[in-house]
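To start, the structure under review is shown below, and the notes come after it.
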Amino acid sequence: MAAMAGVLVLSPIPVPVDRAQAQQGVTLRVAITQQVDSLNPFLSIFQAGTEVGRLMYDYLTAYDAVDQRPVEGLAKEWSSSEDRLTWTFTIPAGKKWSDGKPITARDAAFTYNLMMDDEAAATANGSFTADFESVTATDDETLVIRTKQPQATMLALDVPIVPEHVWSQVADIGEYRNDRTPVVGSGPFVLTEYRANEFIRFAANKDYWRGAPKYDELTFSYYKTVDAAAQALAKGEVDLVNRMGPAQFDSLKDKEGITLNKAQGRRFNEIVINSGAATRDGTPIGDGHPALKDVVVRRAIAKAIDLDSIIERVNGGYAQRGTGLIPPVFASYHLAEPARARAYDPAGANADLDAAGYARGADGTRVGPDGRPLSLRLLGHASRAYDEQTAEFVKRSLADLGIPVDVQIVSDNQLNEASTAGTFDLVFSGWGTNPDPDYILSLHTCAQRPNADGKGGTTDTFFCDAEYDALYARQRSEFDPATRQDIVKRMQQRFHDQVPAIILGYDNALEAYRSDKFASFPVQPDPGGVIMAQNGVWGYYGATPTDSASSGGTSNTGQVLAVVGGALVVLVGAVFLVSRRRRQGAGDRE
Amino acid sequence: MTRYLAGKLGGALVSLVLVVVLGFLLFRVIPGDPVVTMTRGRPVGAEQIAELRARLGVDKPLREQFVDYVAGVLRGDLGTSYVYSRPVLELIGERLWPTLLLVGTATLLAVALGLWLGIRGAWRRGSRFDRVSTGVALTQWAMPTFWLGMLLSMATGDLFPSGGMRYPDTPPDFLSQSVDVAHHLVLPCLTMIAVVYAQYLLVMRSSLLEEMHADYLTTARAKGLRDDLVRRRHAVPNALLPTVTLVFLHLGLVVSGAITVETVFSWPGLGLLTYEALTGPDLPLLQGTFVVLAGAVIFMNVLADLAYRVLDPRVRAA
């Protein structure tokens with residue numbers, strides 16, 4: 001009991017909040033909710049791990065903060081040959097690793113070659129070097145990459161370049177943890193301490209080639225739930241939080257010293273329609289409803305779903321209406337106004353189905369030409385409230401259309417299994433996208449369907465369309481930006497017309513920061529963009545502390561006092577109890 | 001004695017073998033390709049996925065995977081985590097002490113609180129104290145743990161950290177670190193106590209109630225002993241037996257019981273590790289934590305049996 005009392009007694013003693021500024025200098029404290037899987041940039045697959053990797057290692061080229069076009073990374077200049085197969089990058093002298101050694105083209109060549117030769121090194125980013133023929137450094141400043149076929153994505157190689165003098169000593173890339181601090185890197189921050197799933201600490205790289213960051217330390221603390229992270233921000237334990245839901249975001253609205261950032265996100269939510277799941281050689285798999293192969297049915301379904309009210313009610317207004325595969329944040333590739341746009345039109349959808357011969361049966365359920373009633377299954381993730389809530393909207397909308405929907409909310413794994421095997425009619429899905437549209441577009445090409453054994457595909461729609469594939473091949477080798485943008489938009493138009501999936505909306509990225517500590521953060525793109533999870537590290541790198549933050553703060557004496565006080569109470573309590581017991585015992589001795 | 005011990009240990013061994021086998025089979029039932037789940041949303045080609053599958057050994061037939069796994073367990077190797085690319089045993093080792101600290105402290109305090117309230121309640125059965133303390137305990141027990149945790153965190157304002165085990169920038173010396181950890185421990189510990197002490201209270205209360213009308217208590221009272229003393233010296237020791245078993249059994253279970261509390265407060269222990277392994281799904285890690293958690297329960301069962309023998313002369317005689 002006494003110990004219990006001790007724990008309780010800790011509470012009334014106030015503990016200063018801005019304890020982090022107790023030590024010298026200014027720290028930016030960030031809450032992360034996704035774990036960092038590995039510090040080894042060749043192995044790290046999770047977004048949080050990649051983001052940490054970006055702080056430590058520059059890429060060959062970077063994405064501009066304002067409009068995400070390729071700008072100087074380690075390489076300052078680049079050019080490609082007439083046949084688009086040879087690329088030459090210039091890495092100027094003067095950039096240094098954090099241990100003072102110069103960064104040269106040989107480091108970049110070493111990195112790419114390692115990924116081409118060593119399977120483990122290709123774990124995370126192997127797709128970027130898959131089409132490389134050879135990579136050589138002709139001298140310290142010149143890097144030459146030859147590709148097997150023209151690639152329009154050569155200025156979007158998201159591969160952290162590592163120092164050869166450190167990594168050439170590593171015996172087994174797959175086993176290497178890269179946690180011997182300080183970790184030698186080229187980025188604006190140097191890793192100084194790492195405790196898996198607790199926190200990560202960086203010191204500002206004072207010799208960074210773009211110039212030193214405006215503060216001294218950067219820490220990432222791990223919070224398992226967004227609720228805890230949002231609370232930590234409210235309590236002042238951290239300065240920056242992202243990935244919030246509408247409820248958490250709104251709860252921080254009127255808090256003093258906190259500024260919200262409602263940013264354009266790079267994710268979209270979709271409902272995939274099983275338009276005929278098949279393997280790469282065209283063998284049908286799964287048990288999707290046959291009527292969904294009819295594009296008229298798919299279009300009618302899409303027309304009957306009210307995207308705006310889903311955004312209003314489910315996303316709390318924090319999303320944009322879906323059109324194509326590329327979100328509006330990548331403005332040049334985004335298909336803002338599809339031709340033959342589908343407005344919410346349940347009456348029209350009903351008429352379309354009537355005209356196409358899907359008459360209503362006795363119970364009001366529509367029946368296909370094969371006599372099979374149009375009743376569909378819709379799978380959603382149990383881990384995402386979004387799916388469950390949106391499913392209700394879809395169910396009601398389709399019921400009005402004469403299509404009963406059986407909503408099944410299942411575990412992520414069950415859902416993945418069903419979508420890989422094609423055993424669904426409708427399923428919730430969603431993707432994050434990159435500044436270069438190639439990957440997200442590639443997912444819906446015929447080649448991405450699974451092997452005969454059902455493995456190896458990355459598609460979720462099983463979409464296979466000759467026109468789409470032809471356009472895909474063209475955009476991949478198109479080097480004129482305007483022409484490529486046009487092709488990419490035409491691909492999305494085709495996707496929109498064929499409706500292998502209904503793009504529901506693009507979630508806003510909801511972030512908040514302590515504006516009493518940090519006056520401003522660069523966003524990407526500017527305006528309207530994100531602070532965290534950028535295609536780059538502008539947000540962390542360019543953060544500007546307020547004047548009061550730089551002047552230092554209180555100490556953590558209060559906390560020490562609280563605990564010492566608690567310990568004292570425990571001790572006094574124990575002594576009291578023991579003495580009482582003694583006294584009693586004396587009286588009771590028989 | 002030797003036969004008793006051998007019997008108990010043999011039983012434990014059989015259970016362990018079953019756990020190892022189950023640990024493998026159970027998680028193969030989980031549908032989905034872990035590699036696809038892990039790499040979702042990233043630019044990964046089909047070849048890369050095939051390579052990853054080969055590296056992680058999930059492309060082998062189930063029988064081969066099983067043989068590899070059992071051979072590994074026998075060597076004391078629980079495999080390598082998919083997500084962290086690190087040995088499972090090492091990850092579990094790292095998370096063991098935060099869990100022991102949290103669960104140990106919380107159990108100790110919950111047992112003390114539960115027993116004390118249970119004894120008081122039973123002795124003055126039906127009194128206002130009894131009704132209130134039982135009512136409060138049951139209410140807290142019925143509350144969802146995560147909700148209670150979040151309420152506590154909100155209600156205490158800025159006093160305690162909302163998550164984690166320490167601040168990144170605490171000076172590395174022992175005193176500062178201990179103070180920091182203690183500070184972070186308060187909320188998760190309180191939450192856990194609030195939820196679990198009810199069961200100790202109830203068991204203690206009911207087993208004491210059973211003793212209340214026993215003849216030996218009447219004898220003790222007849223000797224003229226003070227009521228307080230009758231309770232402490234005579235009734236409570238006898239009523240303690242079921243509680244001791246319960247405590248031991250729970251010590252095995254609490255490790256896994258901390259999953260919710262650890263998740264709410266981002267406490268980097270075994271519970272959180274299990275939760276993460278499950279959301280992966282990180283099969284080797286899941287198997288590993290399963291074997292370790294189940295092993296802990298089995299071990300504590302054996303200890304409970306032995307403790308019972310020591311505490312209860314009737315078991316020794318039998």
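To be explicit about the labels: the chains of the structure tokens are called A, B, and onward in the order shown, and within each one the residues are counted from 1, while ligands get numbers from 1 in the order they are shown.
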Which of region 34-277 of chain A DSSP labels helix (DSSP H, G or I), written as number ranges by chain
A: 47-56, 105-117, 120-122, 126-129, 164-167, 226-235, 246-251
Any idea which chain B residues end up within 7 Å of chain A if we count only C-alpha atoms, as a PyMOL selection string please?
chain B and resi 30-32+39+41+43-46+48-50+52+83-85+109+112-113+158-159+162-164+168-169+179+186+263-264+266+268
Convert the current residue selection to file output with N, CA and C atoms, as an mmCIF file, in the first residue's frame.
```cif
data_model
loop_
_atom_site.group_PDB
_atom_site.id
_atom_site.type_symbol
_atom_site.label_atom_id
_atom_site.label_comp_id
_atom_site.auth_asym_id
_atom_site.auth_seq_id
_atom_site.Cartn_x
_atom_site.Cartn_y
_atom_site.Cartn_z
ATOM 1 N N ILE B 30 -3.106 -18.152 -40.614
ATOM 2 C CA ILE B 30 -3.341 -16.757 -40.990
ATOM 3 C C ILE B 30 -3.158 -16.625 -42.492
ATOM 4 N N PRO B 31 -4.211 -16.165 -43.183
ATOM 5 C CA PRO B 31 -4.073 -16.079 -44.627
ATOM 6 C C PRO B 31 -3.196 -14.906 -45.036
ATOM 7 N N GLY B 32 -2.802 -14.890 -46.280
ATOM 8 C CA GLY B 32 -2.054 -13.749 -46.794
ATOM 9 C C GLY B 32 -0.582 -14.044 -46.919
ATOM 10 N N THR B 39 5.386 -5.351 -48.284
ATOM 11 C CA THR B 39 5.899 -4.438 -49.312
ATOM 12 C C THR B 39 4.796 -3.622 -49.967
ATOM 13 N N GLY B 41 2.340 -0.921 -51.227
ATOM 14 C CA GLY B 41 2.454 0.525 -51.311
ATOM 15 C C GLY B 41 3.845 1.003 -51.665
ATOM 16 N N PRO B 43 7.243 0.734 -54.482
ATOM 17 C CA PRO B 43 7.595 0.249 -55.807
ATOM 18 C C PRO B 43 8.422 -1.034 -55.719
ATOM 19 N N VAL B 44 7.798 -2.171 -55.813
ATOM 20 C CA VAL B 44 8.511 -3.447 -55.772
ATOM 21 C C VAL B 44 8.071 -4.274 -56.960
ATOM 22 N N GLY B 45 9.033 -4.777 -57.691
ATOM 23 C CA GLY B 45 8.713 -5.607 -58.843
ATOM 24 C C GLY B 45 8.436 -7.032 -58.421
ATOM 25 N N ALA B 46 7.874 -7.815 -59.360
ATOM 26 C CA ALA B 46 7.549 -9.205 -59.072
ATOM 27 C C ALA B 46 8.816 -10.000 -58.737
ATOM 28 N N GLN B 48 11.533 -8.893 -57.314
ATOM 29 C CA GLN B 48 11.962 -8.553 -55.957
ATOM 30 C C GLN B 48 11.151 -9.317 -54.928
ATOM 31 N N ILE B 49 9.850 -9.432 -55.177
ATOM 32 C CA ILE B 49 8.988 -10.156 -54.248
ATOM 33 C C ILE B 49 9.402 -11.618 -54.191
ATOM 34 N N ALA B 50 9.694 -12.199 -55.348
ATOM 35 C CA ALA B 50 10.118 -13.599 -55.395
ATOM 36 C C ALA B 50 11.413 -13.771 -54.591
ATOM 37 N N LEU B 52 12.545 -11.881 -52.139
ATOM 38 C CA LEU B 52 12.246 -11.722 -50.710
ATOM 39 C C LEU B 52 11.642 -12.992 -50.136
ATOM 40 N N VAL B 83 10.403 -8.253 -40.378
ATOM 41 C CA VAL B 83 10.352 -6.797 -40.412
ATOM 42 C C VAL B 83 11.678 -6.180 -39.989
ATOM 43 N N TYR B 84 12.254 -6.686 -38.908
ATOM 44 C CA TYR B 84 13.448 -6.045 -38.364
ATOM 45 C C TYR B 84 14.754 -6.637 -38.891
ATOM 46 N N SER B 85 14.657 -7.761 -39.616
ATOM 47 C CA SER B 85 15.856 -8.473 -40.080
ATOM 48 C C SER B 85 16.812 -8.732 -38.927
ATOM 49 N N LEU B 109 1.715 -4.322 -6.770
ATOM 50 C CA LEU B 109 0.825 -3.347 -6.150
ATOM 51 C C LEU B 109 -0.632 -3.800 -6.220
ATOM 52 N N ALA B 112 -1.213 -6.492 -3.589
ATOM 53 C CA ALA B 112 -1.271 -5.883 -2.255
ATOM 54 C C ALA B 112 -2.615 -5.190 -2.046
ATOM 55 N N LEU B 113 -3.004 -4.395 -3.029
ATOM 56 C CA LEU B 113 -4.246 -3.643 -2.927
ATOM 57 C C LEU B 113 -5.454 -4.583 -2.891
ATOM 58 N N ASP B 158 -0.730 17.538 -17.872
ATOM 59 C CA ASP B 158 0.675 17.580 -18.255
ATOM 60 C C ASP B 158 1.586 16.830 -17.291
ATOM 61 N N LEU B 159 1.006 16.206 -16.258
ATOM 62 C CA LEU B 159 1.858 15.653 -15.206
ATOM 63 C C LEU B 159 2.703 14.477 -15.662
ATOM 64 N N SER B 162 2.617 10.931 -22.130
ATOM 65 C CA SER B 162 1.519 10.158 -22.700
ATOM 66 C C SER B 162 1.994 8.870 -23.360
ATOM 67 N N GLY B 163 3.288 8.663 -23.416
ATOM 68 C CA GLY B 163 3.737 7.414 -24.016
ATOM 69 C C GLY B 163 5.236 7.260 -23.959
ATOM 70 N N GLY B 164 5.685 6.032 -24.228
ATOM 71 C CA GLY B 164 7.114 5.753 -24.263
ATOM 72 C C GLY B 164 7.658 5.387 -22.895
ATOM 73 N N PRO B 168 14.017 11.152 -25.237
ATOM 74 C CA PRO B 168 15.273 10.928 -25.957
ATOM 75 C C PRO B 168 16.446 11.704 -25.363
ATOM 76 N N ASP B 169 16.169 12.852 -24.754
ATOM 77 C CA ASP B 169 17.278 13.729 -24.399
ATOM 78 C C ASP B 169 17.581 13.733 -22.901
ATOM 79 N N VAL B 179 14.862 8.164 -12.922
ATOM 80 C CA VAL B 179 13.786 9.115 -12.653
ATOM 81 C C VAL B 179 12.872 9.226 -13.861
ATOM 82 N N VAL B 186 4.385 5.679 -14.422
ATOM 83 C CA VAL B 186 3.230 5.923 -13.569
ATOM 84 C C VAL B 186 1.892 5.579 -14.229
ATOM 85 N N THR B 263 0.255 -1.015 -25.563
ATOM 86 C CA THR B 263 -0.096 -0.368 -26.826
ATOM 87 C C THR B 263 -0.585 1.056 -26.584
ATOM 88 N N VAL B 264 -1.433 1.228 -25.585
ATOM 89 C CA VAL B 264 -1.953 2.566 -25.307
ATOM 90 C C VAL B 264 -0.816 3.520 -24.951
ATOM 91 N N SER B 266 2.453 3.060 -25.541
ATOM 92 C CA SER B 266 3.662 2.847 -26.352
ATOM 93 C C SER B 266 4.830 2.373 -25.493
ATOM 94 N N PRO B 268 7.628 0.029 -24.599
ATOM 95 C CA PRO B 268 8.326 -0.888 -25.507
ATOM 96 C C PRO B 268 8.578 -2.269 -24.908
#
```
Pick the closest to Tyr540 (chain A) from A:Pro150, A:Pro373, A:Pro213, A:Gly528: which is it, counting only C-alpha atoms?
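Ranking A:Pro150, A:Pro373, A:Pro213, A:Gly528 by distance to Tyr540 (chain A), first place goes to A:Pro213.
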Residues of region 66-166 of chain B within 8 Å of region 15-29 of chain B: nearest atom pair and distance (Å, one decimal) for each, counting only C-alpha atoms, sorted by chain and number, as a tab-separated table?
```
residue	atom	partner	partner_atom	distance
B:Phe66	CA	B:Phe24	CA	7.1
B:Tyr69	CA	B:Phe24	CA	7.8
B:Val70	CA	B:Val20	CA	7.6
```
Need the shell around Tyr275 (chain B): protein/DNA/RNA residues with any atom at most 9 Å away, counting only C-alpha atoms. Skip same-chain ones fewer than 6 positions apart. Format as an mmCIF file with C-alpha atoms, in the first residue's frame?
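Below you can see out_18.cif, which holds the result:
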```cif
data_model
loop_
_atom_site.group_PDB
_atom_site.id
_atom_site.type_symbol
_atom_site.label_atom_id
_atom_site.label_comp_id
_atom_site.auth_asym_id
_atom_site.auth_seq_id
_atom_site.Cartn_x
_atom_site.Cartn_y
_atom_site.Cartn_z
ATOM 1 C CA ILE B 259 -0.602 -5.954 -24.631
ATOM 2 C CA THR B 260 -3.334 -3.339 -24.345
ATOM 3 C CA THR B 263 -0.096 -0.368 -26.826
ATOM 4 C CA LEU B 286 4.826 -14.100 -33.763
#
```
Determine which residues of region 173-386 of chain A receive a DSSP assignment of strand (DSSP E), computed from the backbone, and state them as a PyMOL selection string.
chain A and resi 189-195+199-204+217-222+240-241+258-264+267-273+319-321+376-381
Can those selected residues be exported to a file as a CSV table (one decimal), in the first residue's frame so that it contains N, CA and C atoms?
```csv
chain,number,residue,atom,x,y,z
A,189,PHE,N,21.3,15.5,-41.3
A,189,PHE,CA,21.4,15.1,-39.9
A,189,PHE,C,22.2,13.8,-39.7
A,190,VAL,N,22.9,13.7,-38.6
A,190,VAL,CA,23.7,12.6,-38.3
A,190,VAL,C,23.1,11.8,-37.2
A,191,LEU,N,22.9,10.5,-37.4
A,191,LEU,CA,22.3,9.7,-36.3
A,191,LEU,C,23.3,9.5,-35.2
A,192,THR,N,22.8,9.8,-34.0
A,192,THR,CA,23.7,9.8,-32.8
A,192,THR,C,23.2,8.7,-31.8
A,193,GLU,N,21.9,8.4,-31.8
A,193,GLU,CA,21.5,7.4,-30.8
A,193,GLU,C,20.2,6.7,-31.4
A,194,TYR,N,20.1,5.4,-31.1
A,194,TYR,CA,19.0,4.7,-31.6
A,194,TYR,C,18.5,3.7,-30.6
A,195,ARG,N,17.3,3.7,-30.2
A,195,ARG,CA,16.7,2.7,-29.4
A,195,ARG,C,15.5,2.2,-30.1
A,199,PHE,N,13.1,5.6,-29.4
A,199,PHE,CA,13.4,6.9,-30.0
A,199,PHE,C,14.6,6.8,-30.9
A,200,ILE,N,14.8,7.9,-31.7
A,200,ILE,CA,15.9,8.0,-32.6
A,200,ILE,C,16.4,9.5,-32.4
A,201,ARG,N,17.7,9.6,-32.3
A,201,ARG,CA,18.3,11.0,-32.1
A,201,ARG,C,19.2,11.3,-33.2
A,202,PHE,N,19.1,12.5,-33.7
A,202,PHE,CA,20.0,13.0,-34.7
A,202,PHE,C,20.6,14.4,-34.2
A,203,ALA,N,21.9,14.5,-34.6
A,203,ALA,CA,22.5,15.9,-34.4
A,203,ALA,C,22.5,16.5,-35.8
A,204,ALA,N,22.4,17.9,-35.8
A,204,ALA,CA,22.4,18.6,-37.0
A,204,ALA,C,23.8,18.5,-37.7
A,217,GLU,N,19.3,19.7,-32.6
A,217,GLU,CA,19.0,18.3,-32.5
A,217,GLU,C,17.6,17.9,-33.1
A,218,LEU,N,17.5,16.7,-33.6
A,218,LEU,CA,16.2,16.3,-34.1
A,218,LEU,C,15.9,14.9,-33.4
A,219,THR,N,14.8,14.7,-32.8
A,219,THR,CA,14.5,13.4,-32.2
A,219,THR,C,13.2,12.9,-32.7
A,220,PHE,N,13.1,11.6,-32.9
A,220,PHE,CA,11.8,11.0,-33.2
A,220,PHE,C,11.4,10.1,-32.1
A,221,SER,N,10.3,10.3,-31.5
A,221,SER,CA,9.8,9.4,-30.4
A,221,SER,C,8.6,8.6,-31.0
A,222,TYR,N,8.6,7.4,-30.6
A,222,TYR,CA,7.7,6.4,-31.1
A,222,TYR,C,6.4,6.3,-30.3
A,240,LEU,N,5.9,18.0,-33.3
A,240,LEU,CA,5.3,17.8,-34.6
A,240,LEU,C,4.7,16.4,-34.7
A,241,VAL,N,3.5,16.4,-35.2
A,241,VAL,CA,2.8,15.1,-35.3
A,241,VAL,C,2.1,15.0,-36.7
A,258,ILE,N,-0.5,25.7,-30.8
A,258,ILE,CA,-0.5,24.6,-31.8
A,258,ILE,C,-1.1,25.2,-33.1
A,259,THR,N,-0.4,24.9,-34.2
A,259,THR,CA,-0.9,25.2,-35.5
A,259,THR,C,-1.1,24.0,-36.3
A,260,LEU,N,-2.3,24.0,-37.0
A,260,LEU,CA,-2.6,22.8,-37.8
A,260,LEU,C,-2.2,22.9,-39.2
A,261,ASN,N,-1.9,21.8,-39.8
A,261,ASN,CA,-1.6,21.9,-41.3
A,261,ASN,C,-2.4,20.8,-42.0
A,262,LYS,N,-3.4,21.3,-42.7
A,262,LYS,CA,-4.2,20.4,-43.5
A,262,LYS,C,-3.6,20.4,-44.9
A,263,ALA,N,-2.9,19.3,-45.2
A,263,ALA,CA,-2.1,19.3,-46.4
A,263,ALA,C,-2.7,18.4,-47.5
A,264,GLN,N,-2.4,18.6,-48.7
A,264,GLN,CA,-2.8,17.7,-49.8
A,264,GLN,C,-2.0,16.4,-49.5
A,267,ARG,N,-2.1,10.0,-50.9
A,267,ARG,CA,-2.8,8.7,-50.9
A,267,ARG,C,-4.2,8.8,-51.5
A,268,PHE,N,-4.7,7.7,-52.0
A,268,PHE,CA,-6.1,7.6,-52.4
A,268,PHE,C,-6.7,6.4,-51.9
A,269,ASN,N,-8.0,6.5,-51.7
A,269,ASN,CA,-8.8,5.3,-51.3
A,269,ASN,C,-9.6,4.9,-52.5
A,270,GLU,N,-9.8,3.6,-52.6
A,270,GLU,CA,-10.6,3.1,-53.8
A,270,GLU,C,-11.4,1.9,-53.4
A,271,ILE,N,-12.4,1.6,-54.2
A,271,ILE,CA,-13.0,0.3,-54.2
A,271,ILE,C,-12.7,-0.4,-55.5
A,272,VAL,N,-12.0,-1.5,-55.3
A,272,VAL,CA,-11.6,-2.3,-56.5
A,272,VAL,C,-12.8,-3.2,-56.9
A,273,ILE,N,-13.1,-3.2,-58.2
A,273,ILE,CA,-14.2,-4.0,-58.7
A,273,ILE,C,-13.6,-5.3,-59.4
A,319,ALA,N,-10.7,15.6,-47.4
A,319,ALA,CA,-10.3,14.8,-48.5
A,319,ALA,C,-10.8,15.5,-49.8
A,320,GLN,N,-10.2,15.1,-50.9
A,320,GLN,CA,-10.7,15.6,-52.2
A,320,GLN,C,-11.3,14.5,-53.0
A,321,ARG,N,-12.3,14.8,-53.8
A,321,ARG,CA,-13.0,13.9,-54.6
A,321,ARG,C,-12.1,13.1,-55.5
A,376,LEU,N,-23.7,-8.7,-54.3
A,376,LEU,CA,-22.3,-8.6,-54.3
A,376,LEU,C,-21.7,-8.7,-52.9
A,377,ARG,N,-20.4,-9.1,-52.8
A,377,ARG,CA,-19.7,-9.0,-51.5
A,377,ARG,C,-18.8,-7.8,-51.5
A,378,LEU,N,-18.7,-7.1,-50.4
A,378,LEU,CA,-17.8,-6.0,-50.3
A,378,LEU,C,-16.9,-6.3,-49.1
A,379,LEU,N,-15.6,-6.4,-49.4
A,379,LEU,CA,-14.6,-6.6,-48.3
A,379,LEU,C,-14.0,-5.3,-47.8
A,380,GLY,N,-13.8,-5.2,-46.5
A,380,GLY,CA,-13.1,-4.0,-46.0
A,380,GLY,C,-12.2,-4.4,-44.9
A,381,HIS,N,-11.2,-3.5,-44.5
A,381,HIS,CA,-10.2,-3.8,-43.5
A,381,HIS,C,-10.8,-3.6,-42.1
```
Applying 7 Å and only C-alpha atoms, which residues near region 141-150 of chain B remain after dropping the ones on its own chain fewer than 6 positions away? List them as a ChimeraX atom specification.
/B:191,195-196,198,260-261,264
Next, the residues of the selection above should be written as a short mmCIF file (atom, residue, chain, number, x, y, z; two decimals), in the first residue's frame with C-alpha atoms.
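Saved to result.cif:
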```cif
data_model
loop_
_atom_site.label_atom_id
_atom_site.label_comp_id
_atom_site.auth_asym_id
_atom_site.auth_seq_id
_atom_site.Cartn_x
_atom_site.Cartn_y
_atom_site.Cartn_z
CA THR B 191 -3.96 1.64 -15.54
CA VAL B 195 -7.89 -3.15 -14.14
CA VAL B 196 -6.43 -6.24 -12.51
CA ALA B 198 -10.42 -6.68 -8.81
CA THR B 260 -3.33 -3.34 -24.35
CA VAL B 261 -1.63 -1.22 -21.73
CA VAL B 264 -1.95 2.57 -25.31
#
```
Determine, counting only C-alpha atoms, which protein, DNA and RNA residues have an atom within 12 Å of an atom of Gly529 (chain A); residues of the same chain fewer than 6 positions away are not included. Present the result as a list in words.
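That gives Ala65, Val66, Asp67, Gln68, Asn261, Lys262, Ala263, Gln264, Gly265, Arg266, Pro328, Val329, Phe330, Ala331, Asn508, Ala509, Leu510, Glu511, Phe521, Pro522, Val523, Asn535, Trp538 and Gly539 of chain A.
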May I have the residues from that selection written out with C-alpha atoms, as a compact mmCIF listing (two decimals), in the first residue's frame?
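That gives us again.txt:
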```txt
# COMPACT_ATOMS: atom_id res chain seq x y z
CA ALA A 65 10.14 21.72 -52.20
CA VAL A 66 7.90 23.97 -54.26
CA ASP A 67 6.87 21.83 -57.23
CA GLN A 68 8.69 18.50 -56.77
CA ASN A 261 -1.57 21.89 -41.27
CA LYS A 262 -4.23 20.41 -43.50
CA ALA A 263 -2.11 19.29 -46.42
CA GLN A 264 -2.76 17.67 -49.75
CA GLY A 265 -1.99 14.01 -49.35
CA ARG A 266 -0.45 11.54 -51.76
CA PRO A 328 -3.97 16.52 -57.10
CA VAL A 329 -0.75 17.05 -55.11
CA PHE A 330 1.11 15.98 -58.26
CA ALA A 331 -0.68 18.61 -60.28
CA ASN A 508 -5.67 15.10 -46.69
CA ALA A 509 -2.52 14.60 -44.66
CA LEU A 510 -3.38 16.02 -41.24
CA GLU A 511 -0.45 17.42 -39.28
CA PHE A 521 8.26 24.60 -41.59
CA PRO A 522 8.80 24.35 -45.34
CA VAL A 523 5.99 22.32 -46.91
CA ASN A 535 9.67 13.46 -51.01
CA TRP A 538 12.71 20.01 -46.45
CA GLY A 539 10.25 20.06 -43.56
```
Give me, as a list in words, all polymer residues having an atom no more than 9 Å from region 207-224 of chain B, counting only C-alpha atoms and skipping those fewer than 6 positions away in the same chain.
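Contacts, in chain order: Gly118, Ile119, Ala122, Trp123, Arg125, Val230, Arg231, His234, Ala235, Val236, Asn238, Ala239, Leu240, Leu241, Pro242 and Thr243 of chain B.
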List the neighbours of Thr107 (chain B) out to 9 Å using only C-alpha atoms; skip same-chain residues closer than 3 positions along the sequence, and give me the result as a ChimeraX atom specification.
/B:102-104,110-112,189,192-193,196-197,247,250-251,254
Straight-line distance linking CA of Ile502 (chain A) with CA of Cys464 (chain A), stated in Å to one decimal:
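Taking CA of Ile502 (chain A) and CA of Cys464 (chain A), their separation equals 16.1 Å.
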For Ala182 (chain B), which residue out of B:Ala258, B:Leu101, B:Leu278, B:Ala294 is the nearest one, using only C-alpha atoms?
B:Leu101
Selected residue of minimal separation from Gly94 (chain A) among A:Val427, A:Val297, A:Leu74, A:Ala470, counting only C-alpha atoms
A:Leu74
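Reported to one decimal place, the separation of CA of Thr245 (chain B) from CA of Asn301 (chain B) is 8.4 Å.
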Between CA of Pro172 (chain B) and CA of Gly185 (chain A) lies a distance of 24.4 Å
